[in-house]
Every structure is written in C-alpha cells, then in structure tokens.
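S.K.: Got query-v2.pdb for you, PDB, C-alpha atoms:
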```
ATOM      1  CA  MET A 243      93.034  85.784 181.251  1.00  0.00           C
ATOM      2  CA  GLN A 244      94.399  84.131 178.105  1.00  0.00           C
ATOM      3  CA  PRO A 245      95.557  86.465 175.300  1.00  0.00           C
ATOM      4  CA  ILE A 246      93.747  86.806 171.988  1.00  0.00           C
ATOM      5  CA  THR A 247      95.760  87.285 168.781  1.00  0.00           C
ATOM      6  CA  ARG A 248      94.190  88.869 165.703  1.00  0.00           C
ATOM      7  CA  ILE A 249      95.794  88.715 162.254  1.00  0.00           C
ATOM      8  CA  GLU A 250      95.004  91.011 159.316  1.00  0.00           C
ATOM      9  CA  THR A 251      92.457  92.995 161.245  1.00  0.00           C
ATOM     10  CA  ASN A 252      90.464  95.930 159.919  1.00  0.00           C
ATOM     11  CA  GLN A 253      87.336  97.745 161.061  1.00  0.00           C
ATOM     12  CA  ARG A 254      85.069  94.941 159.819  1.00  0.00           C
ATOM     13  CA  MET A 255      86.911  91.696 160.565  1.00  0.00           C
ATOM     14  CA  SER A 256      90.062  89.753 161.285  1.00  0.00           C
ATOM     15  CA  ARG A 257      91.278  87.013 158.945  1.00  0.00           C
ATOM     16  CA  VAL A 258      92.401  84.940 161.944  1.00  0.00           C
ATOM     17  CA  VAL A 259      91.501  85.123 165.626  1.00  0.00           C
ATOM     18  CA  GLN A 260      93.323  82.860 168.034  1.00  0.00           C
ATOM     19  CA  TYR A 261      92.398  82.435 171.660  1.00  0.00           C
ATOM     20  CA  LYS A 262      95.560  81.088 173.274  1.00  0.00           C
ATOM     21  CA  GLY A 263      93.447  79.110 175.700  1.00  0.00           C
ATOM     22  CA  GLY A 264      92.358  76.698 173.046  1.00  0.00           C
ATOM     23  CA  ILE A 265      90.886  77.702 169.681  1.00  0.00           C
ATOM     24  CA  THR A 266      91.666  79.433 166.385  1.00  0.00           C
ATOM     25  CA  PHE A 267      89.131  80.773 163.894  1.00  0.00           C
ATOM     26  CA  ILE A 268      90.044  81.413 160.264  1.00  0.00           C
ATOM     27  CA  GLY A 269      87.368  83.479 158.573  1.00  0.00           C
ATOM     28  CA  GLY A 270      85.962  82.608 155.163  1.00  0.00           C
ATOM     29  CA  GLN A 271      88.699  82.398 152.540  1.00  0.00           C
ATOM     30  CA  THR A 272      88.218  82.769 148.800  1.00  0.00           C
ATOM     31  CA  ALA A 273      90.515  82.419 145.791  1.00  0.00           C
ATOM     32  CA  ASN A 274      92.664  85.321 144.644  1.00  0.00           C
ATOM     33  CA  ASP A 275      92.623  84.123 141.018  1.00  0.00           C
ATOM     34  CA  ARG A 276      88.910  83.972 140.361  1.00  0.00           C
ATOM     35  CA  SER A 277      89.371  82.923 136.734  1.00  0.00           C
ATOM     36  CA  GLN A 278      90.217  79.349 137.787  1.00  0.00           C
ATOM     37  CA  ASP A 279      87.766  76.469 137.914  1.00  0.00           C
ATOM     38  CA  ILE A 280      86.515  74.905 141.160  1.00  0.00           C
ATOM     39  CA  LYS A 281      89.615  72.749 141.573  1.00  0.00           C
ATOM     40  CA  GLY A 282      91.942  75.701 141.115  1.00  0.00           C
ATOM     41  CA  GLN A 283      89.949  77.942 143.433  1.00  0.00           C
ATOM     42  CA  THR A 284      89.688  75.232 146.090  1.00  0.00           C
ATOM     43  CA  ALA A 285      93.450  74.618 145.963  1.00  0.00           C
ATOM     44  CA  GLN A 286      94.086  78.352 146.427  1.00  0.00           C
ATOM     45  CA  VAL A 287      91.726  78.555 149.397  1.00  0.00           C
ATOM     46  CA  LEU A 288      93.250  75.521 151.095  1.00  0.00           C
ATOM     47  CA  GLN A 289      96.743  76.953 150.592  1.00  0.00           C
ATOM     48  CA  LYS A 290      95.610  80.199 152.258  1.00  0.00           C
ATOM     49  CA  ILE A 291      94.247  78.163 155.171  1.00  0.00           C
ATOM     50  CA  ASP A 292      97.567  76.303 155.463  1.00  0.00           C
ATOM     51  CA  ASP A 293      99.419  79.635 155.439  1.00  0.00           C
ATOM     52  CA  TYR A 294      97.226  81.181 158.140  1.00  0.00           C
ATOM     53  CA  LEU A 295      97.508  78.064 160.298  1.00  0.00           C
ATOM     54  CA  ALA A 296     101.304  78.256 160.001  1.00  0.00           C
ATOM     55  CA  LYS A 297     101.246  81.907 161.099  1.00  0.00           C
ATOM     56  CA  VAL A 298      99.779  80.823 164.437  1.00  0.00           C
ATOM     57  CA  GLY A 299     101.933  77.716 164.793  1.00  0.00           C
ATOM     58  CA  LEU A 300      99.350  75.130 163.724  1.00  0.00           C
ATOM     59  CA  ASP A 301      98.763  72.776 160.828  1.00  0.00           C
ATOM     60  CA  LYS A 302      95.709  71.180 159.238  1.00  0.00           C
ATOM     61  CA  THR A 303      95.781  68.232 161.648  1.00  0.00           C
ATOM     62  CA  ARG A 304      94.458  70.665 164.267  1.00  0.00           C
ATOM     63  CA  ILE A 305      91.301  71.586 162.307  1.00  0.00           C
ATOM     64  CA  LEU A 306      88.147  70.768 164.260  1.00  0.00           C
ATOM     65  CA  SER A 307      85.507  71.960 161.820  1.00  0.00           C
ATOM     66  CA  ALA A 308      85.132  73.467 158.379  1.00  0.00           C
ATOM     67  CA  GLN A 309      82.291  75.313 156.713  1.00  0.00           C
ATOM     68  CA  VAL A 310      82.287  75.221 152.919  1.00  0.00           C
ATOM     69  CA  TRP A 311      80.110  77.413 150.746  1.00  0.00           C
ATOM     70  CA  LEU A 312      79.767  76.597 147.048  1.00  0.00           C
ATOM     71  CA  SER A 313      78.162  78.907 144.489  1.00  0.00           C
ATOM     72  CA  ASP A 314      76.683  75.880 142.679  1.00  0.00           C
ATOM     73  CA  ILE A 315      76.720  72.685 144.720  1.00  0.00           C
ATOM     74  CA  GLN A 316      75.636  70.430 141.845  1.00  0.00           C
ATOM     75  CA  ALA A 317      78.331  71.683 139.498  1.00  0.00           C
ATOM     76  CA  ASN A 318      81.156  72.084 142.012  1.00  0.00           C
ATOM     77  CA  PHE A 319      80.755  69.564 144.837  1.00  0.00           C
ATOM     78  CA  ALA A 320      82.713  66.726 143.201  1.00  0.00           C
ATOM     79  CA  GLY A 321      85.587  68.951 142.055  1.00  0.00           C
ATOM     80  CA  MET A 322      85.906  70.649 145.428  1.00  0.00           C
ATOM     81  CA  ASN A 323      85.868  67.250 147.175  1.00  0.00           C
ATOM     82  CA  GLU A 324      88.590  65.909 144.880  1.00  0.00           C
ATOM     83  CA  VAL A 325      90.953  68.692 145.948  1.00  0.00           C
ATOM     84  CA  TRP A 326      89.787  68.569 149.587  1.00  0.00           C
ATOM     85  CA  ASP A 327      90.320  64.797 149.811  1.00  0.00           C
ATOM     86  CA  ALA A 328      93.903  65.113 148.537  1.00  0.00           C
ATOM     87  CA  TRP A 329      94.563  67.907 151.069  1.00  0.00           C
ATOM     88  CA  ALA A 330      92.887  66.562 154.231  1.00  0.00           C
ATOM     89  CA  PRO A 331      95.130  64.373 156.406  1.00  0.00           C
ATOM     90  CA  GLU A 332      93.954  60.752 156.340  1.00  0.00           C
ATOM     91  CA  GLY A 333      92.153  59.802 159.528  1.00  0.00           C
ATOM     92  CA  GLN A 334      91.998  63.406 160.740  1.00  0.00           C
ATOM     93  CA  ALA A 335      89.159  64.904 158.732  1.00  0.00           C
ATOM     94  CA  PRO A 336      87.320  67.685 160.558  1.00  0.00           C
ATOM     95  CA  ALA A 337      83.587  67.932 161.066  1.00  0.00           C
ATOM     96  CA  ARG A 338      82.400  69.656 157.897  1.00  0.00           C
ATOM     97  CA  ALA A 339      79.296  71.263 156.485  1.00  0.00           C
ATOM     98  CA  THR A 340      78.948  72.130 152.797  1.00  0.00           C
ATOM     99  CA  VAL A 341      76.120  74.251 151.449  1.00  0.00           C
ATOM    100  CA  GLU A 342      75.190  76.218 148.364  1.00  0.00           C
ATOM    101  CA  SER A 343      75.225  79.963 148.745  1.00  0.00           C
ATOM    102  CA  LYS A 344      75.384  83.113 146.706  1.00  0.00           C
ATOM    103  CA  LEU A 345      78.943  84.346 147.312  1.00  0.00           C
ATOM    104  CA  ALA A 346      80.260  87.919 147.429  1.00  0.00           C
ATOM    105  CA  ALA A 347      81.137  88.013 143.714  1.00  0.00           C
ATOM    106  CA  PRO A 348      79.724  85.981 140.814  1.00  0.00           C
ATOM    107  CA  GLU A 349      83.131  84.597 139.804  1.00  0.00           C
ATOM    108  CA  LEU A 350      83.751  83.118 143.260  1.00  0.00           C
ATOM    109  CA  LEU A 351      83.015  79.386 143.323  1.00  0.00           C
ATOM    110  CA  VAL A 352      84.022  78.407 146.881  1.00  0.00           C
ATOM    111  CA  GLU A 353      84.575  79.902 150.313  1.00  0.00           C
ATOM    112  CA  ILE A 354      85.892  77.997 153.334  1.00  0.00           C
ATOM    113  CA  ALA A 355      86.127  78.921 157.032  1.00  0.00           C
ATOM    114  CA  ILE A 356      87.711  76.749 159.690  1.00  0.00           C
ATOM    115  CA  VAL A 357      88.029  76.340 163.456  1.00  0.00           C
ATOM    116  CA  ALA A 358      91.195  74.714 164.813  1.00  0.00           C
ATOM    117  CA  ALA A 359      92.408  73.545 168.199  1.00  0.00           C
ATOM    118  CA  VAL A 360      95.367  75.157 169.915  1.00  0.00           C
ATOM    119  CA  ASP A 361      97.618  72.924 172.004  1.00  0.00           C
TER     120      ASP A 361
END
```
Show me, as structure tokens, the structure contained in the file I just sent.
M.R.:
Amino acid sequence: MQPITRIETNQRMSRVVQYKGGITFIGGQTANDRSQDIKGQTAQVLQKIDDYLAKVGLDKTRILSAQVWLSDIQANFAGMNEVWDAWAPEGQAPARATVESKLAAPELLVEIAIVAAVD
C-alpha cells in the first residue's frame, strides 16, 4: 500500500494530500491579503500553490487540473487570467474550470484548487 502524506491537517481538512502512488491534491487556496484587487489576490494564491507543490517535491509543470472560483466572473475573469497566463508554464497548461461562486468571505475574489501528478 502506498503512503498518504497530509500537510496542515486539522479536524476539517488538509491543505495538501499526496498519494505517493501518483497524485497530489491542494485544497482551495485564497489570498491572505484580502484588500488587494483580483490580480493581487490571484498572485498570492498562485504563490501559495507553488509553495505547497514545493513542500511535496513538485512544481507547477505537474499540475493536471485546476478549479477556479471567482466571486464576480464578469469583473474578475480578465484580471485573473492575466496573472494566470504569466504564471502557467507555456505548453503545459492544466485542464481548468472557472466558475462564479459566492466565496467564504465577501472580500475574497478568487479561490483555486489543483490536482497534480506525482512521478
């Protein structure tokens, strides 16, 4: 049986769950500085994803899929995509879904969760 690693686990959830047999899940990430605009919040979230990937020995080229939730898709889609496009490795974009959703706090503009492959 392959081991499972959990990072930043509490009673409700783990920030990262990695199944050594092949897959890593990074739960929905939001910005710490919620006063920033969509570009600032997106940059923070993507940096958190990079940091969590590094903790399990991966990088963004291993991302298989991403789920993006925006509080206002009309207002924030273009700004989020501008930051995303600069961050995503060319030719290695994951499968991605982006939807509008009411987020956990009104000042949150974006939340992103990812699934990545383990070598």
S.K.: Between A:Glu332, A:Glu342, A:Asp293, A:Asp279, which is the closest to A:Gln309 once you count all atoms listed in the file?
M.R.: A:Glu342
S.K.: Rounded to one decimal, what separation in Å do you get between atom CA of A:Ile280 and atom CA of A:Asn252?
M.R.: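 Between atom CA of A:Ile280 and atom CA of A:Asn252 the gap is 28.5 Å.
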S.K.: Set the distance at 7 Å and use all atoms listed in the file: which residues neighbour A:Val259 once local chain neighbours fewer than 3 positions away are removed? I'd like the list as a PyMOL selection string.
M.R.: chain A and resi 246-249+256+266-268
S.K.: Quick check, in Å to one decimal: how far apart do atom CA of A:Ser307 and atom CA of A:Glu250 lie?
M.R.: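 That distance, rounded to one decimal, is 21.4 Å.
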S.K.: Do you know which residues are at most 6 Å from A:Met322 counting only C-alpha atoms, after dropping those on the same chain fewer than 3 positions away, and could you put them as a ChimeraX atom specification?
M.R.: /A:281,284,319,325
S.K.: I'd like the interatomic distance between atom CA of A:Thr303 and atom CA of A:Ala320, to a tenth of an Å.
M.R.: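 Spanning atom CA of A:Thr303 to atom CA of A:Ala320 is a straight-line distance of 22.7 Å.
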S.K.: Taking only C-alpha atoms into account, which of A:Ile356, A:Ala328, A:Gln316, A:Glu349 comes nearest A:Val258?
M.R.: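 The closest residue to A:Val258 is A:Ile356.
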S.K.: A:Gln289: which residues within 10 Å, counting only C-alpha atoms, same-chain residues fewer than 5 positions away excluded, as a PyMOL selection string?
M.R.: chain A and resi 271+273+283-284+294-295+329
S.K.: Do a neighbour search on A:Ile315 at 9 Å with all atoms listed in the file, toss out local chain neighbours closer than 2 positions, and write the hits as a ChimeraX atom specification.
M.R.: /A:311-313,317-320,340-343
S.K.: Go through A:Leu300, A:Ala346, A:Ala335, A:Ala330 and flag the residue nearest A:Ile265, using all atoms listed in the file for the distances.
M.R.: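 Going through A:Leu300, A:Ala346, A:Ala335, A:Ala330 one by one, the smallest distance to A:Ile265 is for A:Leu300.
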S.K.: Please list, as a list in words, the residues that have an atom at most 7 Å away from (93.5, 80.3, 173.0) in the coordinates of this file, counting only C-alpha atoms.
M.R.: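 Taken together, the residues in range are Gln244, Pro245, Ile246, Gln260, Tyr261, Lys262, Gly263, Gly264, Ile265, Thr266 and Val360 of chain A.
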S.K.: From (88.1, 75.6, 151.5), in the file's coordinates, out to 7 Å: which residues are reached, counting all atoms listed in the file? Answer as a list in words.
M.R.: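 I get Gln271, Thr284, Val287, Leu288, Val310, Val352, Glu353, Ile354 and Ala355 of chain A for the residues within 7 Å of that point.
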S.K.: Could you please take those selected residues and save C-alpha atoms as a PDB file, keeping the file's coordinate frame?
M.R.:
```pdb
ATOM      1  CA  GLN A 271      88.699  82.398 152.540  1.00  0.00           C
ATOM      2  CA  THR A 284      89.688  75.232 146.090  1.00  0.00           C
ATOM      3  CA  VAL A 287      91.726  78.555 149.397  1.00  0.00           C
ATOM      4  CA  LEU A 288      93.250  75.521 151.095  1.00  0.00           C
ATOM      5  CA  VAL A 310      82.287  75.221 152.919  1.00  0.00           C
ATOM      6  CA  VAL A 352      84.022  78.407 146.881  1.00  0.00           C
ATOM      7  CA  GLU A 353      84.575  79.902 150.313  1.00  0.00           C
ATOM      8  CA  ILE A 354      85.892  77.997 153.334  1.00  0.00           C
ATOM      9  CA  ALA A 355      86.127  78.921 157.032  1.00  0.00           C
TER      10      ALA A 355
END
```
S.K.: Just checking: using all atoms listed in the file, which residue out of A:Thr272, A:Ile305, A:Thr251, A:Val298 ends up closest to A:Arg338?
M.R.: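 Of the candidates, the smallest distance to A:Arg338 is held by A:Ile305.
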S.K.: Taking all atoms listed in the file into account, name the residue in A:Met255, A:Ala285, A:Ala337, A:Ala347 that is nearest to A:Leu306.
M.R.: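 That would be A:Ala337, the residue with the smallest distance to A:Leu306.
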